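Undergrad: Please see the structure below; I have some questions.
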Amino acid sequence: MTQIPDSPLAARFVASPNHGPRRGLGSVNCLILHYTGMATGAAALDLLVDPASEVSAHYLIWEDGRIDQLVAEDRRAWHAGLGSWKGEHDLNSASIGIEIVNAGHDAGLPPFPDGQIEATIALARDIGSRWTIPLEQVLAHSDVAPLRKRDPGEAFPWDALWRSGVGHWVPPAPPTGAPLFLAQEEGPPVRALQAMLALYGYGAEISGVYDRLTRAVVTAFQRHFRPERIDGEADESTVATLRALIEGLK
Ligand SMILES: [Zn+2]
């Protein structure tokens with residue numbers, strides 16, 4: 001165990017070769033959370049340090065709260081792939097990535113142990129003290145890549161993070177009501193929803209059509225902000241929760 005540089009937290013350093021220089025301005029303004037989605041943490045660690053995999057993250061957090069650092073924070077770790085948030089597409093250059101050991105959807109969404117969440121909160125706060133990361137840019141992988149990714153999943157306790165000062169969240173409106181739009185429905189109300197999603201940061205295209213991308217973005221939004229029902233349908237609760245989030249932006 002060693003200290004994370006400029007941090008009170010300790011981590012085991014397990015070097016991954018899967019990183020490069022940050023591109024563009026190189027300034028970090030996002031924190032992206034993942035689950036490993038593999039049967040064991042050991043299998044995930046093997047993958048994250050294997051040069052053939054070409055994937056990594058800055059940190060890996062085990063079920064018991066132990067932290068491994070795989071890539072130095074000033075390097076561009078390869079965790080997010082292609083994505084979009086507030087017009088940024090090279091999320092790897094703009095973010096720190098944390099992989100959280102959890103077998104994920106394929107294993108029926110096992111809960112995240114308290115000690116693991118406590119470590120995630122401590123590390124996120126610590127990273128936030130070194131970089132300028134707005135609360136609303138503590139994101140799920142699924143937020144930035146809604147067509148490809150569903151991690152860390154709707155079992156992840158975003159509310160607990162928020163209560164500890166990490167991330168942006170509002171209590172969701174109860175999931176009642178029918179879908180507001182049919183598949184492929186077209187018109188100004190769809191456009192207004194897409195504009196709200198894009199304003200918050202999502203890579204929603206303002207096409208005016210309730211299409212596959214819109215459904216994927218709504219699904220990602222629900223995983224993070226309205227986990228009681230994940231169906232990709234824009235209902236009153238989804239829209240009210242989105243509106244409350246936007247109103248809460250400072
Ligand atoms: Zn991920």
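If you're wondering about the labels, chains in the structure tokens are A, B, ... by order shown, residues count from 1 in each chain, ligands from 1 in order shown.
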Show me, as an MDAnalysis selection string, the residues that have an atom within 10 Å of A:Leu242 when counting only C-alpha atoms, minus same-chain residues fewer than 6 positions from it.
TA: chainID A and resid 169:170 172:173 193 196:197 200 218 221:222 225:226 236 248
Undergrad: Per DSSP on the backbone, what are the strand (DSSP E) residues of stretch 30-205 of chain A, as a ChimeraX atom specification?
TA: /A:30-35,59-61,67-69,75-77,95-100,138-140
Undergrad: Take the residues just selected and output them with C-alpha atoms as a short mmCIF file (atom, residue, chain, number, x, y, z; two decimals), in the first residue's frame.
TA:
```cif
data_model
loop_
_atom_site.label_atom_id
_atom_site.label_comp_id
_atom_site.auth_asym_id
_atom_site.auth_seq_id
_atom_site.Cartn_x
_atom_site.Cartn_y
_atom_site.Cartn_z
CA CYS A 30 -15.59 14.67 -15.26
CA LEU A 31 -15.54 11.67 -12.98
CA ILE A 32 -16.92 8.54 -14.65
CA LEU A 33 -18.05 5.56 -12.59
CA HIS A 34 -18.19 2.02 -13.95
CA TYR A 35 -18.91 -1.45 -12.73
CA TYR A 59 -8.81 3.22 -10.00
CA LEU A 60 -10.39 -0.10 -9.11
CA ILE A 61 -12.44 -0.37 -5.92
CA ILE A 67 -8.47 0.75 -3.68
CA ASP A 68 -6.04 -0.11 -6.46
CA GLN A 69 -4.54 2.67 -8.54
CA ARG A 75 -2.64 10.28 -17.79
CA ARG A 76 -5.48 9.41 -20.15
CA ALA A 77 -6.80 6.01 -19.05
CA SER A 95 -12.14 12.43 -17.03
CA ILE A 96 -10.92 10.26 -14.21
CA GLY A 97 -12.33 6.74 -14.39
CA ILE A 98 -13.19 4.51 -11.46
CA GLU A 99 -14.05 0.83 -11.93
CA ILE A 100 -16.13 -0.60 -9.09
CA VAL A 138 -19.91 12.86 -11.66
CA LEU A 139 -21.37 10.49 -14.23
CA ALA A 140 -22.25 6.92 -15.03
#
```
Undergrad: List all protein, DNA and RNA residues that have an atom no more than 12 Å from any atom of ligand 1, counting only C-alpha atoms and all ligand atoms, and report them as a JSON list (two decimals) with all heavy atoms, in the first residue's frame.
TA:
```json
[["chain", "number", "residue", "atom", "x", "y", "z"],
["A", 31, "LEU", "N", -15.88, 12.92, -13.66],
["A", 31, "LEU", "CA", -15.54, 11.67, -12.98],
["A", 31, "LEU", "C", -16.53, 10.63, -13.49],
["A", 31, "LEU", "O", -17.74, 10.85, -13.41],
["A", 31, "LEU", "CB", -15.67, 11.85, -11.46],
["A", 31, "LEU", "CG", -15.38, 10.63, -10.61],
["A", 31, "LEU", "CD1", -13.93, 10.18, -10.77],
["A", 31, "LEU", "CD2", -15.65, 10.95, -9.14],
["A", 32, "ILE", "N", -16.03, 9.54, -14.06],
["A", 32, "ILE", "CA", -16.92, 8.54, -14.65],
["A", 32, "ILE", "C", -16.82, 7.24, -13.85],
["A", 32, "ILE", "O", -15.72, 6.71, -13.64],
["A", 32, "ILE", "CB", -16.58, 8.32, -16.14],
["A", 32, "ILE", "CG1", -16.80, 9.63, -16.90],
["A", 32, "ILE", "CG2", -17.44, 7.19, -16.73],
["A", 32, "ILE", "CD1", -16.51, 9.57, -18.38],
["A", 33, "LEU", "N", -17.99, 6.77, -13.40],
["A", 33, "LEU", "CA", -18.05, 5.56, -12.59],
["A", 33, "LEU", "C", -18.53, 4.38, -13.44],
["A", 33, "LEU", "O", -19.47, 4.52, -14.24],
["A", 33, "LEU", "CB", -18.99, 5.77, -11.40],
["A", 33, "LEU", "CG", -18.67, 6.97, -10.51],
["A", 33, "LEU", "CD1", -19.60, 6.99, -9.30],
["A", 33, "LEU", "CD2", -17.22, 6.97, -10.05],
["A", 34, "HIS", "N", -17.89, 3.25, -13.22],
["A", 34, "HIS", "CA", -18.19, 2.02, -13.95],
["A", 34, "HIS", "C", -18.40, 0.88, -12.96],
["A", 34, "HIS", "O", -17.88, 0.91, -11.86],
["A", 34, "HIS", "CB", -16.98, 1.59, -14.80],
["A", 34, "HIS", "CG", -16.45, 2.61, -15.73],
["A", 34, "HIS", "ND1", -16.71, 2.59, -17.08],
["A", 34, "HIS", "CD2", -15.62, 3.66, -15.55],
["A", 34, "HIS", "CE1", -16.07, 3.58, -17.68],
["A", 34, "HIS", "NE2", -15.41, 4.26, -16.78],
["A", 35, "TYR", "N", -19.10, -0.16, -13.40],
["A", 35, "TYR", "CA", -18.91, -1.45, -12.73],
["A", 35, "TYR", "C", -18.07, -2.32, -13.64],
["A", 35, "TYR", "O", -18.02, -2.12, -14.86],
["A", 35, "TYR", "CB", -20.22, -2.12, -12.30],
["A", 35, "TYR", "CG", -21.20, -2.61, -13.35],
["A", 35, "TYR", "CD1", -20.78, -3.30, -14.49],
["A", 35, "TYR", "CD2", -22.57, -2.47, -13.16],
["A", 35, "TYR", "CE1", -21.69, -3.79, -15.42],
["A", 35, "TYR", "CE2", -23.48, -2.95, -14.08],
["A", 35, "TYR", "CZ", -23.03, -3.61, -15.21],
["A", 35, "TYR", "OH", -23.92, -4.10, -16.12],
["A", 36, "THR", "N", -17.40, -3.33, -13.00],
["A", 36, "THR", "CA", -16.50, -4.17, -13.79],
["A", 36, "THR", "C", -17.29, -5.15, -14.65],
["A", 36, "THR", "O", -16.83, -5.55, -15.73],
["A", 36, "THR", "CB", -15.54, -4.94, -12.87],
["A", 36, "THR", "OG1", -16.32, -5.58, -11.84],
["A", 36, "THR", "CG2", -14.53, -3.99, -12.24],
["A", 37, "GLY", "N", -18.47, -5.60, -14.17],
["A", 37, "GLY", "CA", -19.31, -6.47, -14.99],
["A", 37, "GLY", "C", -18.70, -7.83, -15.26],
["A", 37, "GLY", "O", -19.05, -8.49, -16.25],
["A", 38, "MET", "N", -17.81, -8.28, -14.39],
["A", 38, "MET", "CA", -17.20, -9.61, -14.55],
["A", 38, "MET", "C", -17.47, -10.42, -13.29],
["A", 38, "MET", "O", -17.84, -9.89, -12.25],
["A", 38, "MET", "CB", -15.70, -9.48, -14.82],
["A", 38, "MET", "CG", -15.45, -8.72, -16.13],
["A", 38, "MET", "SD", -13.70, -8.55, -16.54],
["A", 38, "MET", "CE", -13.30, -10.23, -17.03],
["A", 44, "ALA", "N", -11.39, -8.99, -13.43],
["A", 44, "ALA", "CA", -11.44, -7.61, -13.95],
["A", 44, "ALA", "C", -10.05, -6.98, -13.90],
["A", 44, "ALA", "O", -9.63, -6.32, -14.86],
["A", 44, "ALA", "CB", -12.44, -6.78, -13.16],
["A", 48, "LEU", "N", -7.79, -5.34, -16.89],
["A", 48, "LEU", "CA", -7.45, -3.91, -16.87],
["A", 48, "LEU", "C", -5.95, -3.65, -16.93],
["A", 48, "LEU", "O", -5.53, -2.52, -17.20],
["A", 48, "LEU", "CB", -8.04, -3.24, -15.62],
["A", 48, "LEU", "CG", -9.58, -3.16, -15.58],
["A", 48, "LEU", "CD1", -10.06, -2.82, -14.17],
["A", 48, "LEU", "CD2", -10.10, -2.13, -16.57],
["A", 55, "VAL", "N", -7.85, -1.70, -22.34],
["A", 55, "VAL", "CA", -8.75, -0.99, -21.44],
["A", 55, "VAL", "C", -8.10, -0.85, -20.06],
["A", 55, "VAL", "O", -7.24, -1.65, -19.69],
["A", 55, "VAL", "CB", -10.14, -1.69, -21.27],
["A", 55, "VAL", "CG1", -10.89, -1.70, -22.59],
["A", 55, "VAL", "CG2", -9.98, -3.08, -20.71],
["A", 56, "SER", "N", -8.51, 0.19, -19.36],
["A", 56, "SER", "CA", -7.97, 0.45, -18.03],
["A", 56, "SER", "C", -8.92, 1.41, -17.33],
["A", 56, "SER", "O", -9.99, 1.75, -17.85],
["A", 56, "SER", "CB", -6.58, 1.08, -18.12],
["A", 56, "SER", "OG", -6.66, 2.35, -18.77],
["A", 57, "ALA", "N", -8.53, 1.83, -16.14],
["A", 57, "ALA", "CA", -9.20, 2.92, -15.43],
["A", 57, "ALA", "C", -8.15, 3.45, -14.48],
["A", 57, "ALA", "O", -7.11, 2.81, -14.26],
["A", 57, "ALA", "CB", -10.42, 2.41, -14.67],
["A", 60, "LEU", "N", -9.51, 1.05, -9.26],
["A", 60, "LEU", "CA", -10.39, -0.10, -9.11],
["A", 60, "LEU", "C", -10.74, -0.20, -7.63],
["A", 60, "LEU", "O", -9.83, -0.19, -6.78],
["A", 60, "LEU", "CB", -9.66, -1.37, -9.58],
["A", 60, "LEU", "CG", -10.40, -2.69, -9.42],
["A", 60, "LEU", "CD1", -11.57, -2.79, -10.41],
["A", 60, "LEU", "CD2", -9.45, -3.88, -9.64],
["A", 78, "TRP", "N", -7.91, 4.44, -20.49],
["A", 78, "TRP", "CA", -8.82, 4.03, -21.56],
["A", 78, "TRP", "C", -10.04, 3.30, -20.96],
["A", 78, "TRP", "O", -10.11, 2.08, -20.98],
["A", 78, "TRP", "CB", -8.07, 3.15, -22.56],
["A", 78, "TRP", "CG", -6.85, 3.82, -23.13],
["A", 78, "TRP", "CD1", -6.59, 5.17, -23.17],
["A", 78, "TRP", "CD2", -5.71, 3.19, -23.75],
["A", 78, "TRP", "NE1", -5.38, 5.41, -23.78],
["A", 78, "TRP", "CE2", -4.82, 4.22, -24.15],
["A", 78, "TRP", "CE3", -5.38, 1.86, -24.01],
["A", 78, "TRP", "CZ2", -3.59, 3.93, -24.77],
["A", 78, "TRP", "CZ3", -4.17, 1.58, -24.64],
["A", 78, "TRP", "CH2", -3.30, 2.62, -25.01],
["A", 79, "HIS", "N", -10.97, 4.10, -20.45],
["A", 79, "HIS", "CA", -12.12, 3.49, -19.76],
["A", 79, "HIS", "C", -13.47, 3.82, -20.38],
["A", 79, "HIS", "O", -14.40, 3.04, -20.26],
["A", 79, "HIS", "CB", -12.11, 3.90, -18.28],
["A", 79, "HIS", "CG", -12.17, 5.38, -18.05],
["A", 79, "HIS", "ND1", -13.34, 6.03, -17.80],
["A", 79, "HIS", "CD2", -11.20, 6.33, -18.07],
["A", 79, "HIS", "CE1", -13.09, 7.33, -17.66],
["A", 79, "HIS", "NE2", -11.79, 7.55, -17.82],
["A", 80, "ALA", "N", -13.59, 4.98, -21.01],
["A", 80, "ALA", "CA", -14.93, 5.42, -21.42],
["A", 80, "ALA", "C", -15.24, 5.15, -22.89],
["A", 80, "ALA", "O", -16.40, 5.03, -23.26],
["A", 80, "ALA", "CB", -15.12, 6.90, -21.11],
["A", 81, "GLY", "N", -14.23, 5.07, -23.73],
["A", 81, "GLY", "CA", -14.48, 4.85, -25.15],
["A", 81, "GLY", "C", -15.21, 6.04, -25.77],
["A", 81, "GLY", "O", -15.18, 7.15, -25.25],
["A", 82, "LEU", "N", -15.88, 5.78, -26.88],
["A", 82, "LEU", "CA", -16.63, 6.85, -27.55],
["A", 82, "LEU", "C", -17.81, 7.26, -26.70],
["A", 82, "LEU", "O", -18.53, 6.42, -26.18],
["A", 82, "LEU", "CB", -17.13, 6.36, -28.91],
["A", 82, "LEU", "CG", -16.11, 6.33, -30.04],
["A", 82, "LEU", "CD1", -16.78, 5.80, -31.30],
["A", 82, "LEU", "CD2", -15.52, 7.72, -30.30],
["A", 83, "GLY", "N", -18.02, 8.56, -26.57],
["A", 83, "GLY", "CA", -19.14, 9.02, -25.77],
["A", 83, "GLY", "C", -19.47, 10.46, -26.06],
["A", 83, "GLY", "O", -18.94, 11.05, -27.01],
["A", 91, "LEU", "N", -14.14, 11.68, -23.89],
["A", 91, "LEU", "CA", -14.33, 11.67, -22.44],
["A", 91, "LEU", "C", -13.09, 11.18, -21.71],
["A", 91, "LEU", "O", -12.82, 11.59, -20.58],
["A", 91, "LEU", "CB", -15.54, 10.80, -22.07],
["A", 91, "LEU", "CG", -16.92, 11.48, -22.07],
["A", 91, "LEU", "CD1", -16.93, 12.75, -21.24],
["A", 91, "LEU", "CD2", -17.43, 11.77, -23.44],
["A", 92, "ASN", "N", -12.32, 10.29, -22.32],
["A", 92, "ASN", "CA", -11.13, 9.81, -21.64],
["A", 92, "ASN", "C", -10.15, 10.95, -21.34],
["A", 92, "ASN", "O", -9.49, 10.95, -20.30],
["A", 92, "ASN", "CB", -10.42, 8.73, -22.48],
["A", 92, "ASN", "CG", -11.13, 7.38, -22.40],
["A", 92, "ASN", "OD1", -11.90, 7.13, -21.47],
["A", 92, "ASN", "ND2", -10.87, 6.52, -23.38],
["A", 97, "GLY", "N", -11.44, 7.89, -14.36],
["A", 97, "GLY", "CA", -12.33, 6.74, -14.39],
["A", 97, "GLY", "C", -12.12, 5.83, -13.19],
["A", 97, "GLY", "O", -10.98, 5.51, -12.85],
["A", 98, "ILE", "N", -13.24, 5.44, -12.58],
["A", 98, "ILE", "CA", -13.19, 4.51, -11.46],
["A", 98, "ILE", "C", -13.99, 3.26, -11.83],
["A", 98, "ILE", "O", -15.18, 3.36, -12.16],
["A", 98, "ILE", "CB", -13.79, 5.12, -10.18],
["A", 98, "ILE", "CG1", -13.01, 6.37, -9.76],
["A", 98, "ILE", "CG2", -13.81, 4.09, -9.05],
["A", 98, "ILE", "CD1", -13.61, 7.07, -8.52],
["A", 99, "GLU", "N", -13.36, 2.11, -11.77],
["A", 99, "GLU", "CA", -14.05, 0.83, -11.93],
["A", 99, "GLU", "C", -14.40, 0.28, -10.55],
["A", 99, "GLU", "O", -13.54, 0.20, -9.68],
["A", 99, "GLU", "CB", -13.16, -0.19, -12.66],
["A", 99, "GLU", "CG", -13.03, 0.04, -14.15],
["A", 99, "GLU", "CD", -14.22, -0.48, -14.97],
["A", 99, "GLU", "OE1", -15.16, -1.06, -14.38],
["A", 99, "GLU", "OE2", -14.19, -0.29, -16.21],
["A", 100, "ILE", "N", -15.65, -0.08, -10.37],
["A", 100, "ILE", "CA", -16.13, -0.60, -9.09],
["A", 100, "ILE", "C", -16.43, -2.09, -9.30],
["A", 100, "ILE", "O", -17.19, -2.46, -10.21],
["A", 100, "ILE", "CB", -17.38, 0.17, -8.65],
["A", 100, "ILE", "CG1", -17.02, 1.67, -8.51],
["A", 100, "ILE", "CG2", -17.94, -0.39, -7.35],
["A", 100, "ILE", "CD1", -18.22, 2.58, -8.42],
["A", 101, "VAL", "N", -15.81, -2.92, -8.47],
["A", 101, "VAL", "CA", -15.99, -4.37, -8.64],
["A", 101, "VAL", "C", -17.45, -4.73, -8.35],
["A", 101, "VAL", "O", -17.94, -4.55, -7.23],
["A", 101, "VAL", "CB", -15.04, -5.17, -7.73],
["A", 101, "VAL", "CG1", -15.37, -6.66, -7.80],
["A", 101, "VAL", "CG2", -13.58, -4.92, -8.13],
["A", 102, "ASN", "N", -18.13, -5.19, -9.37],
["A", 102, "ASN", "CA", -19.54, -5.59, -9.26],
["A", 102, "ASN", "C", -19.89, -6.35, -10.53],
["A", 102, "ASN", "O", -19.55, -5.91, -11.62],
["A", 102, "ASN", "CB", -20.43, -4.34, -9.12],
["A", 102, "ASN", "CG", -21.90, -4.69, -8.91],
["A", 102, "ASN", "OD1", -22.62, -5.03, -9.84],
["A", 102, "ASN", "ND2", -22.36, -4.60, -7.66],
["A", 103, "ALA", "N", -20.55, -7.50, -10.37],
["A", 103, "ALA", "CA", -20.80, -8.35, -11.53],
["A", 103, "ALA", "C", -21.91, -7.84, -12.43],
["A", 103, "ALA", "O", -22.08, -8.31, -13.56],
["A", 103, "ALA", "CB", -21.08, -9.79, -11.07],
["A", 104, "GLY", "N", -22.71, -6.90, -11.94],
["A", 104, "GLY", "CA", -23.59, -6.16, -12.83],
["A", 104, "GLY", "C", -24.86, -6.84, -13.27],
["A", 104, "GLY", "O", -25.36, -7.78, -12.65],
["A", 139, "LEU", "N", -20.47, 11.12, -13.26],
["A", 139, "LEU", "CA", -21.37, 10.49, -14.23],
["A", 139, "LEU", "C", -21.23, 8.98, -14.25],
["A", 139, "LEU", "O", -20.19, 8.42, -13.88],
["A", 139, "LEU", "CB", -21.05, 11.03, -15.64],
["A", 139, "LEU", "CG", -21.21, 12.54, -15.81],
["A", 139, "LEU", "CD1", -20.61, 13.00, -17.13],
["A", 139, "LEU", "CD2", -22.68, 12.92, -15.72],
["A", 140, "ALA", "N", -22.29, 8.35, -14.72],
["A", 140, "ALA", "CA", -22.25, 6.92, -15.03],
["A", 140, "ALA", "C", -21.67, 6.73, -16.44],
["A", 140, "ALA", "O", -21.87, 7.59, -17.31],
["A", 140, "ALA", "CB", -23.67, 6.35, -15.02],
["A", 141, "HIS", "N", -21.01, 5.61, -16.64],
["A", 141, "HIS", "CA", -20.58, 5.29, -18.00],
["A", 141, "HIS", "C", -21.78, 5.33, -18.95],
["A", 141, "HIS", "O", -21.70, 5.82, -20.08],
["A", 141, "HIS", "CB", -19.89, 3.92, -18.01],
["A", 141, "HIS", "CG", -19.10, 3.64, -19.24],
["A", 141, "HIS", "ND1", -18.58, 2.40, -19.51],
["A", 141, "HIS", "CD2", -18.73, 4.44, -20.27],
["A", 141, "HIS", "CE1", -17.93, 2.46, -20.68],
["A", 141, "HIS", "NE2", -18.01, 3.68, -21.15],
["A", 142, "SER", "N", -22.92, 4.83, -18.45],
["A", 142, "SER", "CA", -24.12, 4.82, -19.30],
["A", 142, "SER", "C", -24.61, 6.23, -19.63],
["A", 142, "SER", "O", -25.27, 6.42, -20.66],
["A", 142, "SER", "CB", -25.23, 4.02, -18.62],
["A", 142, "SER", "OG", -25.43, 4.44, -17.29],
["A", 143, "ASP", "N", -24.30, 7.22, -18.78],
["A", 143, "ASP", "CA", -24.71, 8.59, -19.11],
["A", 143, "ASP", "C", -23.99, 9.09, -20.37],
["A", 143, "ASP", "O", -24.57, 9.82, -21.16],
["A", 143, "ASP", "CB", -24.38, 9.55, -17.95],
["A", 143, "ASP", "CG", -25.28, 9.36, -16.75],
["A", 143, "ASP", "OD1", -26.48, 9.09, -16.92],
["A", 143, "ASP", "OD2", -24.77, 9.50, -15.62],
["A", 144, "VAL", "N", -22.72, 8.72, -20.50],
["A", 144, "VAL", "CA", -21.94, 9.26, -21.63],
["A", 144, "VAL", "C", -21.97, 8.35, -22.85],
["A", 144, "VAL", "O", -21.62, 8.79, -23.95],
["A", 144, "VAL", "CB", -20.47, 9.56, -21.22],
["A", 144, "VAL", "CG1", -20.46, 10.56, -20.06],
["A", 144, "VAL", "CG2", -19.68, 8.32, -20.88],
["A", 145, "ALA", "N", -22.37, 7.09, -22.68],
["A", 145, "ALA", "CA", -22.43, 6.15, -23.81],
["A", 145, "ALA", "C", -23.73, 5.34, -23.75],
["A", 145, "ALA", "O", -23.72, 4.12, -23.60],
["A", 145, "ALA", "CB", -21.21, 5.21, -23.79],
["A", 146, "PRO", "N", -24.86, 6.03, -23.85],
["A", 146, "PRO", "CA", -26.15, 5.36, -23.58],
["A", 146, "PRO", "C", -26.52, 4.26, -24.57],
["A", 146, "PRO", "O", -27.29, 3.36, -24.22],
["A", 146, "PRO", "CB", -27.18, 6.51, -23.65],
["A", 146, "PRO", "CG", -26.52, 7.60, -24.40],
["A", 146, "PRO", "CD", -25.04, 7.46, -24.13],
["A", 148, "ARG", "N", -24.38, 2.10, -25.79],
["A", 148, "ARG", "CA", -23.46, 0.97, -25.65],
["A", 148, "ARG", "C", -23.40, 0.42, -24.23],
["A", 148, "ARG", "O", -23.05, -0.76, -24.04],
["A", 148, "ARG", "CB", -22.03, 1.39, -26.02],
["A", 148, "ARG", "CG", -21.82, 1.76, -27.47],
["A", 148, "ARG", "CD", -20.33, 1.94, -27.79],
["A", 148, "ARG", "NE", -19.70, 2.99, -27.01],
["A", 148, "ARG", "CZ", -18.72, 2.81, -26.13],
["A", 148, "ARG", "NH1", -18.22, 1.61, -25.91],
["A", 148, "ARG", "NH2", -18.22, 3.84, -25.46],
["A", 149, "LYS", "N", -23.67, 1.26, -23.22],
["A", 149, "LYS", "CA", -23.31, 0.89, -21.86],
["A", 149, "LYS", "C", -24.47, 1.04, -20.90],
["A", 149, "LYS", "O", -25.35, 1.89, -21.08],
["A", 149, "LYS", "CB", -22.14, 1.77, -21.38],
["A", 149, "LYS", "CG", -20.86, 1.54, -22.16],
["A", 149, "LYS", "CD", -20.31, 0.14, -21.90],
["A", 149, "LYS", "CE", -19.07, -0.14, -22.75],
["A", 149, "LYS", "NZ", -18.54, -1.49, -22.48],
["A", 150, "ARG", "N", -24.48, 0.21, -19.86],
["A", 150, "ARG", "CA", -25.52, 0.33, -18.83],
["A", 150, "ARG", "C", -24.90, 0.36, -17.43],
["A", 150, "ARG", "O", -25.63, 0.26, -16.44],
["A", 150, "ARG", "CB", -26.53, -0.80, -18.97],
["A", 150, "ARG", "CG", -25.92, -2.16, -19.13],
["A", 150, "ARG", "CD", -26.98, -3.23, -19.42],
["A", 150, "ARG", "NE", -26.32, -4.54, -19.51],
["A", 150, "ARG", "CZ", -26.96, -5.70, -19.54],
["A", 150, "ARG", "NH1", -28.27, -5.72, -19.49],
["A", 150, "ARG", "NH2", -26.29, -6.84, -19.62],
["A", 151, "ASP", "N", -23.57, 0.49, -17.33],
["A", 151, "ASP", "CA", -22.93, 0.52, -16.01],
["A", 151, "ASP", "C", -22.79, 1.95, -15.48],
["A", 151, "ASP", "O", -22.75, 2.89, -16.27],
["A", 151, "ASP", "CB", -21.56, -0.19, -16.06],
["A", 151, "ASP", "CG", -20.54, 0.49, -16.97],
["A", 151, "ASP", "OD1", -20.88, 0.75, -18.14],
["A", 151, "ASP", "OD2", -19.43, 0.78, -16.51],
["A", 152, "PRO", "N", -22.72, 2.10, -14.13],
["A", 152, "PRO", "CA", -22.71, 1.08, -13.08],
["A", 152, "PRO", "C", -24.10, 0.53, -12.74],
["A", 152, "PRO", "O", -24.20, -0.28, -11.82],
["A", 152, "PRO", "CB", -22.10, 1.81, -11.88],
["A", 152, "PRO", "CG", -22.55, 3.21, -12.04],
["A", 152, "PRO", "CD", -22.54, 3.46, -13.53],
["A", 153, "GLY", "N", -25.12, 0.93, -13.46],
["A", 153, "GLY", "CA", -26.42, 0.27, -13.30],
["A", 153, "GLY", "C", -27.32, 0.93, -12.27],
["A", 153, "GLY", "O", -26.89, 1.72, -11.43]]
```
Undergrad: Do you know which residues are at most 12 Å from A:Ile4 counting only C-alpha atoms, after dropping those on the same chain fewer than 2 positions away, and could you put them as a ChimeraX atom specification?
TA: /A:1-2,6-13,58-59,67-73,123,126-127,130
Undergrad: How about saving the chosen residues, C-alpha atoms kept, as a compact mmCIF listing (two decimals), in the first residue's frame?
TA:
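Saved as result-v9.txt:
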```
# COMPACT_ATOMS: atom_id res chain seq x y z
CA MET A 1 0.00 0.00 0.00
CA THR A 2 1.20 3.49 -0.83
CA ASP A 6 -1.26 14.45 -2.92
CA SER A 7 -3.90 12.45 -1.06
CA PRO A 8 -4.52 11.13 2.44
CA LEU A 9 -5.88 7.90 0.94
CA ALA A 10 -3.84 4.75 0.54
CA ALA A 11 -3.95 2.47 -2.47
CA ARG A 12 -2.14 -0.49 -3.88
CA PHE A 13 -0.38 0.51 -7.10
CA HIS A 58 -7.41 5.14 -12.96
CA TYR A 59 -8.81 3.22 -10.00
CA ILE A 67 -8.47 0.75 -3.68
CA ASP A 68 -6.04 -0.11 -6.46
CA GLN A 69 -4.54 2.67 -8.54
CA LEU A 70 -3.82 1.46 -12.07
CA VAL A 71 -3.07 4.70 -13.95
CA ALA A 72 -1.74 8.07 -12.72
CA GLU A 73 -4.41 10.77 -12.69
CA LEU A 123 -12.02 8.65 -3.37
CA ASP A 126 -10.41 13.27 -2.80
CA ILE A 127 -10.27 13.45 -6.61
CA ARG A 130 -7.39 17.91 -6.82
```
Undergrad: Give the answer as one residue: which of A:Gly165, A:Pro134, A:Gly65, A:Pro174 has the shortest atom-to-atom distance to A:Glu118, using only C-alpha atoms?
TA: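 Closest to A:Glu118 of all the choices is A:Gly65.
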